[in-house]
Amino acid sequence: MKRFWIWMNIIYEKMMFIVFLIALLIVAYGLYDAWYVYNKADDDSYLKYKPRDGMGVPEDAPITDDMVAWITIDDTNIDYPVMQGEDNSKFLNLNPYGEYSLSGSIFLDSRNDSRFKDDYSILYGHHMAYGKMFGALDDFLDKDYLKNHSKGTLIVGRDGKTVYELGVFACIKVNVYDNKVLDPAPLKDIEKIISEYADYINTSIEKSGNILALSTCTEPVSTNRLIVFCYIYE
């Protein structure tokens, strides 16, 4: 009987060791996965291909032909190529090089005109930690931050010849099922939604006939969206 209990203790200790080892491996994988996702989101190698001074994307640039623009909001982390797929799922998990990436890409709604001639255009991006991708939109909930970060540029196309100025004027949190804010709706409908949901609108920003929305999730699994609105100046 004594020998039986000794063996039971040995088996118990081994099982506990295996359980502890599995738990340790799960934690290690979780840490690695978080590190991997962050580093992919933090990859700014594409910046060297940004169109500048009227010069387009270099011919040998690995950014795919799905790139339709480049968006920059001055003095923020937002400085990204804008992609557009045949649907709105393509670039959820593809980076601008066409490679699998959980951080995905910034992309234009597939229903919008790729030259940004629509009255209302919508960009999407994942809400990544440390202000990466469209995680940087959180800061615009602060009125003073929005006022002090109201300028940007939109370079349309790959040739770098068409450059629009941007004027950031409002930020809202909204449930996407409450209205048509994530549909290419008429401008008057969008302006009505902004006036209803925005705690602050920077009225010093000159209006235009074209609005650009930057949209991201507020929680991992949620229908709530954080949206920053900009006027586009041709």
# chains A, B, ... in the order shown; residues from 1 in each chain; ligands from 1
>>> residues_around(residues="A:Gln84", least_positions_apart="3", cutoff="8 Å", atoms="only C-alpha atoms", output="list in words")
Asp66, Met67, Val68, Asp87, Asn88, Phe91, Phe107, Leu108, Asp109, Ser110 and Ser114 of chain A
>>> write_last_selection(atoms="N, CA, C and O atoms", output="mmCIF file, in the first residue's frame")
data_model
loop_
_atom_site.group_PDB
_atom_site.id
_atom_site.type_symbol
_atom_site.label_atom_id
_atom_site.label_comp_id
_atom_site.auth_asym_id
_atom_site.auth_seq_id
_atom_site.Cartn_x
_atom_site.Cartn_y
_atom_site.Cartn_z
ATOM 1 N N ASP A 66 -2.560 47.665 -55.782
ATOM 2 C CA ASP A 66 -3.825 48.029 -55.126
ATOM 3 C C ASP A 66 -3.711 49.340 -54.354
ATOM 4 O O ASP A 66 -4.706 49.833 -53.829
ATOM 5 N N MET A 67 -2.512 49.899 -54.278
ATOM 6 C CA MET A 67 -2.349 51.191 -53.611
ATOM 7 C C MET A 67 -3.021 52.276 -54.448
ATOM 8 O O MET A 67 -2.767 52.415 -55.644
ATOM 9 N N VAL A 68 -3.898 53.077 -53.802
ATOM 10 C CA VAL A 68 -4.606 54.148 -54.514
ATOM 11 C C VAL A 68 -4.259 55.531 -53.981
ATOM 12 O O VAL A 68 -4.594 56.539 -54.615
ATOM 13 N N ASP A 87 -13.216 44.050 -52.467
ATOM 14 C CA ASP A 87 -14.198 44.060 -51.384
ATOM 15 C C ASP A 87 -13.491 44.580 -50.133
ATOM 16 O O ASP A 87 -12.284 44.813 -50.127
ATOM 17 N N ASN A 88 -14.268 44.766 -49.055
ATOM 18 C CA ASN A 88 -13.710 45.371 -47.851
ATOM 19 C C ASN A 88 -13.094 44.369 -46.880
ATOM 20 O O ASN A 88 -12.808 44.709 -45.735
ATOM 21 N N PHE A 91 -8.013 43.608 -47.417
ATOM 22 C CA PHE A 91 -6.867 44.175 -46.721
ATOM 23 C C PHE A 91 -7.015 44.205 -45.201
ATOM 24 O O PHE A 91 -6.246 44.882 -44.517
ATOM 25 N N PHE A 107 -7.187 50.992 -45.742
ATOM 26 C CA PHE A 107 -7.768 50.768 -47.061
ATOM 27 C C PHE A 107 -9.039 51.599 -47.272
ATOM 28 O O PHE A 107 -9.766 51.928 -46.325
ATOM 29 N N LEU A 108 -9.251 51.920 -48.539
ATOM 30 C CA LEU A 108 -10.423 52.694 -48.965
ATOM 31 C C LEU A 108 -11.597 51.761 -49.196
ATOM 32 O O LEU A 108 -11.435 50.663 -49.736
ATOM 33 N N ASP A 109 -12.774 52.191 -48.799
ATOM 34 C CA ASP A 109 -13.987 51.412 -49.031
ATOM 35 C C ASP A 109 -14.062 51.020 -50.505
ATOM 36 O O ASP A 109 -13.861 51.861 -51.401
ATOM 37 N N SER A 110 -14.354 49.762 -50.756
ATOM 38 C CA SER A 110 -14.386 49.251 -52.133
ATOM 39 C C SER A 110 -15.454 49.929 -52.979
ATOM 40 O O SER A 110 -15.388 49.895 -54.218
ATOM 41 N N SER A 114 -11.657 55.515 -56.522
ATOM 42 C CA SER A 114 -10.250 55.450 -56.120
ATOM 43 C C SER A 114 -9.522 56.775 -56.295
ATOM 44 O O SER A 114 -8.424 56.956 -55.766
#
>>> residues_around(residues="A:Asn77", least_positions_apart="3", cutoff="9 Å", atoms="only C-alpha atoms", output="number ranges by chain")
A: 72-74, 80, 131-134, 136
>>> closest_residue(among="A:Tyr49, A:Tyr145, A:Tyr231, A:Tyr164", to="A:Arg115", atoms="only C-alpha atoms")
A:Tyr164
>>> residues_around(residues="stretch 222-229 of chain A", least_positions_apart="6", cutoff="8 Å", atoms="only C-alpha atoms", output="list in words")
Leu137, Asp138, Phe140, Val168, Phe169, Ala170, Cys171, Ile172, Lys173, Val174, Asn175, Val176, Tyr177, Ile211, Leu212, Ala213, Leu214, Ser215 and Thr216 of chain A
>>> write_last_selection(atoms="N, CA and C atoms", output="PDB file, in the first residue's frame")
ATOM      1  N   LEU A 137      -6.192  57.229 -33.775  1.00  0.00           N
ATOM      2  CA  LEU A 137      -7.403  58.055 -33.805  1.00  0.00           C
ATOM      3  C   LEU A 137      -7.941  58.356 -32.411  1.00  0.00           C
ATOM      4  N   ASP A 138      -7.587  57.541 -31.426  1.00  0.00           N
ATOM      5  CA  ASP A 138      -8.066  57.765 -30.055  1.00  0.00           C
ATOM      6  C   ASP A 138      -7.788  59.186 -29.582  1.00  0.00           C
ATOM      7  N   PHE A 140      -7.858  61.921 -31.010  1.00  0.00           N
ATOM      8  CA  PHE A 140      -8.722  62.971 -31.541  1.00  0.00           C
ATOM      9  C   PHE A 140     -10.012  63.138 -30.744  1.00  0.00           C
ATOM     10  N   VAL A 168      -8.864  68.316 -40.557  1.00  0.00           N
ATOM     11  CA  VAL A 168      -9.568  67.482 -39.573  1.00  0.00           C
ATOM     12  C   VAL A 168     -10.505  68.372 -38.760  1.00  0.00           C
ATOM     13  N   PHE A 169     -11.778  67.979 -38.675  1.00  0.00           N
ATOM     14  CA  PHE A 169     -12.714  68.896 -38.004  1.00  0.00           C
ATOM     15  C   PHE A 169     -13.626  68.244 -36.971  1.00  0.00           C
ATOM     16  N   ALA A 170     -13.698  66.909 -36.905  1.00  0.00           N
ATOM     17  CA  ALA A 170     -14.611  66.292 -35.934  1.00  0.00           C
ATOM     18  C   ALA A 170     -14.219  64.845 -35.674  1.00  0.00           C
ATOM     19  N   CYS A 171     -14.678  64.343 -34.519  1.00  0.00           N
ATOM     20  CA  CYS A 171     -14.443  62.949 -34.137  1.00  0.00           C
ATOM     21  C   CYS A 171     -15.665  62.453 -33.378  1.00  0.00           C
ATOM     22  N   ILE A 172     -16.134  61.253 -33.711  1.00  0.00           N
ATOM     23  CA  ILE A 172     -17.305  60.704 -33.032  1.00  0.00           C
ATOM     24  C   ILE A 172     -17.096  59.234 -32.695  1.00  0.00           C
ATOM     25  N   LYS A 173     -17.856  58.757 -31.716  1.00  0.00           N
ATOM     26  CA  LYS A 173     -18.013  57.331 -31.449  1.00  0.00           C
ATOM     27  C   LYS A 173     -19.459  56.994 -31.756  1.00  0.00           C
ATOM     28  N   VAL A 174     -19.676  55.936 -32.524  1.00  0.00           N
ATOM     29  CA  VAL A 174     -21.031  55.634 -32.958  1.00  0.00           C
ATOM     30  C   VAL A 174     -21.161  54.140 -33.225  1.00  0.00           C
ATOM     31  N   ASN A 175     -22.382  53.617 -33.040  1.00  0.00           N
ATOM     32  CA  ASN A 175     -22.668  52.240 -33.418  1.00  0.00           C
ATOM     33  C   ASN A 175     -23.007  52.221 -34.903  1.00  0.00           C
ATOM     34  N   VAL A 176     -22.345  51.354 -35.637  1.00  0.00           N
ATOM     35  CA  VAL A 176     -22.512  51.370 -37.092  1.00  0.00           C
ATOM     36  C   VAL A 176     -23.932  51.015 -37.523  1.00  0.00           C
ATOM     37  N   TYR A 177     -24.714  50.374 -36.663  1.00  0.00           N
ATOM     38  CA  TYR A 177     -26.075  50.002 -37.041  1.00  0.00           C
ATOM     39  C   TYR A 177     -27.085  51.095 -36.733  1.00  0.00           C
ATOM     40  N   ILE A 211     -15.843  65.001 -47.990  1.00  0.00           N
ATOM     41  CA  ILE A 211     -15.467  64.601 -46.635  1.00  0.00           C
ATOM     42  C   ILE A 211     -14.803  63.226 -46.689  1.00  0.00           C
ATOM     43  N   LEU A 212     -13.744  63.090 -45.919  1.00  0.00           N
ATOM     44  CA  LEU A 212     -13.047  61.811 -45.773  1.00  0.00           C
ATOM     45  C   LEU A 212     -13.200  61.343 -44.332  1.00  0.00           C
ATOM     46  N   ALA A 213     -13.662  60.102 -44.146  1.00  0.00           N
ATOM     47  CA  ALA A 213     -13.813  59.521 -42.808  1.00  0.00           C
ATOM     48  C   ALA A 213     -12.711  58.492 -42.570  1.00  0.00           C
ATOM     49  N   LEU A 214     -12.099  58.538 -41.385  1.00  0.00           N
ATOM     50  CA  LEU A 214     -11.113  57.547 -40.959  1.00  0.00           C
ATOM     51  C   LEU A 214     -11.759  56.734 -39.848  1.00  0.00           C
ATOM     52  N   SER A 215     -11.973  55.447 -40.092  1.00  0.00           N
ATOM     53  CA  SER A 215     -12.768  54.623 -39.177  1.00  0.00           C
ATOM     54  C   SER A 215     -11.958  53.472 -38.600  1.00  0.00           C
ATOM     55  N   THR A 216     -12.186  53.204 -37.295  1.00  0.00           N
ATOM     56  CA  THR A 216     -11.558  52.056 -36.644  1.00  0.00           C
ATOM     57  C   THR A 216     -12.474  51.521 -35.556  1.00  0.00           C
TER      58      THR A 216
END
>>> residues_around(residues="A:Val57", least_positions_apart="5", cutoff="9 Å", atoms="only C-alpha atoms", output="ChimeraX atom specification")
/A:49-52,63,158-160
>>> write_last_selection(atoms="all heavy atoms", output="PDB file, in the first residue's frame")
ATOM      1  N   TYR A  49       8.990  54.380 -49.671  1.00  0.00           N
ATOM      2  CA  TYR A  49       8.339  54.365 -50.982  1.00  0.00           C
ATOM      3  C   TYR A  49       7.271  55.446 -51.110  1.00  0.00           C
ATOM      4  O   TYR A  49       6.567  55.499 -52.117  1.00  0.00           O
ATOM      5  CB  TYR A  49       7.698  52.995 -51.226  1.00  0.00           C
ATOM      6  CG  TYR A  49       8.665  51.844 -51.083  1.00  0.00           C
ATOM      7  CD1 TYR A  49       8.455  50.852 -50.118  1.00  0.00           C
ATOM      8  CD2 TYR A  49       9.796  51.743 -51.879  1.00  0.00           C
ATOM      9  CE1 TYR A  49       9.344  49.791 -49.979  1.00  0.00           C
ATOM     10  CE2 TYR A  49      10.698  50.693 -51.734  1.00  0.00           C
ATOM     11  CZ  TYR A  49      10.457  49.722 -50.782  1.00  0.00           C
ATOM     12  OH  TYR A  49      11.344  48.684 -50.644  1.00  0.00           O
ATOM     13  N   LYS A  50       7.171  56.302 -50.121  1.00  0.00           N
ATOM     14  CA  LYS A  50       6.150  57.349 -50.143  1.00  0.00           C
ATOM     15  C   LYS A  50       6.416  58.332 -51.275  1.00  0.00           C
ATOM     16  O   LYS A  50       7.544  58.805 -51.451  1.00  0.00           O
ATOM     17  CB  LYS A  50       6.139  58.092 -48.796  1.00  0.00           C
ATOM     18  CG  LYS A  50       5.101  59.211 -48.715  1.00  0.00           C
ATOM     19  CD  LYS A  50       5.152  59.867 -47.339  1.00  0.00           C
ATOM     20  CE  LYS A  50       4.136  61.001 -47.237  1.00  0.00           C
ATOM     21  NZ  LYS A  50       4.153  61.630 -45.891  1.00  0.00           N
ATOM     22  N   PRO A  51       5.395  58.660 -52.079  1.00  0.00           N
ATOM     23  CA  PRO A  51       5.583  59.676 -53.133  1.00  0.00           C
ATOM     24  C   PRO A  51       5.939  61.023 -52.516  1.00  0.00           C
ATOM     25  O   PRO A  51       5.308  61.459 -51.550  1.00  0.00           O
ATOM     26  CB  PRO A  51       4.210  59.729 -53.812  1.00  0.00           C
ATOM     27  CG  PRO A  51       3.535  58.445 -53.454  1.00  0.00           C
ATOM     28  CD  PRO A  51       4.043  58.101 -52.089  1.00  0.00           C
ATOM     29  N   ARG A  52       6.956  61.685 -53.066  1.00  0.00           N
ATOM     30  CA  ARG A  52       7.415  62.970 -52.522  1.00  0.00           C
ATOM     31  C   ARG A  52       7.789  63.910 -53.666  1.00  0.00           C
ATOM     32  O   ARG A  52       8.345  63.484 -54.669  1.00  0.00           O
ATOM     33  CB  ARG A  52       8.630  62.787 -51.607  1.00  0.00           C
ATOM     34  CG  ARG A  52       8.387  61.868 -50.408  1.00  0.00           C
ATOM     35  CD  ARG A  52       9.672  61.678 -49.606  1.00  0.00           C
ATOM     36  NE  ARG A  52       9.550  60.604 -48.645  1.00  0.00           N
ATOM     37  CZ  ARG A  52       9.058  60.729 -47.428  1.00  0.00           C
ATOM     38  NH1 ARG A  52       8.619  61.907 -47.029  1.00  0.00           N
ATOM     39  NH2 ARG A  52       8.997  59.699 -46.607  1.00  0.00           N
ATOM     40  N   ILE A  63       5.190  47.578 -52.810  1.00  0.00           N
ATOM     41  CA  ILE A  63       3.786  47.891 -52.538  1.00  0.00           C
ATOM     42  C   ILE A  63       2.972  47.511 -53.766  1.00  0.00           C
ATOM     43  O   ILE A  63       3.295  47.902 -54.887  1.00  0.00           O
ATOM     44  CB  ILE A  63       3.599  49.379 -52.207  1.00  0.00           C
ATOM     45  CG1 ILE A  63       4.359  49.740 -50.925  1.00  0.00           C
ATOM     46  CG2 ILE A  63       2.114  49.715 -52.039  1.00  0.00           C
ATOM     47  CD1 ILE A  63       4.309  51.209 -50.568  1.00  0.00           C
ATOM     48  N   ARG A 158      -0.344  56.632 -57.614  1.00  0.00           N
ATOM     49  CA  ARG A 158       1.042  56.224 -57.382  1.00  0.00           C
ATOM     50  C   ARG A 158       2.051  57.199 -57.974  1.00  0.00           C
ATOM     51  O   ARG A 158       3.244  57.124 -57.667  1.00  0.00           O
ATOM     52  CB  ARG A 158       1.286  54.839 -57.989  1.00  0.00           C
ATOM     53  CG  ARG A 158       0.458  53.729 -57.353  1.00  0.00           C
ATOM     54  CD  ARG A 158       0.677  52.413 -58.069  1.00  0.00           C
ATOM     55  NE  ARG A 158       2.004  51.875 -57.861  1.00  0.00           N
ATOM     56  CZ  ARG A 158       2.338  51.021 -56.885  1.00  0.00           C
ATOM     57  NH1 ARG A 158       1.411  50.624 -56.021  1.00  0.00           N
ATOM     58  NH2 ARG A 158       3.565  50.569 -56.769  1.00  0.00           N
ATOM     59  N   ASP A 159       1.595  58.122 -58.815  1.00  0.00           N
ATOM     60  CA  ASP A 159       2.546  58.997 -59.494  1.00  0.00           C
ATOM     61  C   ASP A 159       2.934  60.227 -58.685  1.00  0.00           C
ATOM     62  O   ASP A 159       3.860  60.953 -59.048  1.00  0.00           O
ATOM     63  CB  ASP A 159       2.014  59.419 -60.864  1.00  0.00           C
ATOM     64  CG  ASP A 159       0.666  60.137 -60.793  1.00  0.00           C
ATOM     65  OD1 ASP A 159       0.255  60.548 -59.687  1.00  0.00           O
ATOM     66  OD2 ASP A 159       0.022  60.265 -61.853  1.00  0.00           O
ATOM     67  N   GLY A 160       2.226  60.490 -57.583  1.00  0.00           N
ATOM     68  CA  GLY A 160       2.584  61.606 -56.705  1.00  0.00           C
ATOM     69  C   GLY A 160       2.232  62.974 -57.236  1.00  0.00           C
ATOM     70  O   GLY A 160       2.627  63.997 -56.653  1.00  0.00           O
TER      71      GLY A 160
END
>>> closest_residue(among="A:Ser150, A:Gly135, A:Thr76, A:Phe116", to="A:Ser204", atoms="only C-alpha atoms")
A:Ser150
>>> closest_residue(among="A:Gly104, A:Lys180, A:Leu141, A:Tyr233", to="A:His126", atoms="only C-alpha atoms")
A:Gly104
>>> atom_distance(atom1="atom CA of A:Lys90", atom2="atom CA of A:Glu234")
28.6 Å
>>> closest_residue(among="A:Asp183, A:Glu59, A:Asp144, A:Glu165", to="A:Tyr120", atoms="only C-alpha atoms")
A:Asp183
>>> select_by_dssp(residues="stretch 104-173 of chain A", states="strand (DSSP E)", output="list in words")
Ile106, Phe107, Leu108, Tyr120, Ser121, Ile122, Leu123, Tyr124, Lys151, Gly152, Thr153, Leu154, Ile155, Val156, Thr162, Val163, Tyr164, Glu165, Leu166, Gly167, Val168, Phe169, Ala170, Cys171, Ile172 and Lys173 of chain A
>>> closest_residue(among="A:Val163, A:Val181, A:Cys230, A:Ala61", to="A:Leu47", atoms="only C-alpha atoms")
A:Ala61
>>> closest_residue(among="A:Glu86, A:Asp79, A:Tyr197, A:Thr218", to="A:Thr153", atoms="only C-alpha atoms")
A:Asp79
>>> atom_distance(atom1="atom CA of A:Lys147", atom2="atom CA of A:Gly167")
10.1 Å
>>> atom_distance(atom1="atom CA of A:Ser208", atom2="atom CA of A:Ile232")
6.5 Å
>>> select_by_dssp(residues="stretch 27-193 of chain A", states="alpha helix (DSSP H)", output="list in words")
Val27, Ala28, Tyr29, Gly30, Leu31, Tyr32, Asp33, Ala34, Trp35, Tyr36, Val37, Tyr38, Asn39, Lys40, Ala41, Lys143, Asp144, Tyr145, Leu146, Lys147, Asn148, Leu187, Lys188, Asp189, Ile190, Glu191, Lys192 and Ile193 of chain A
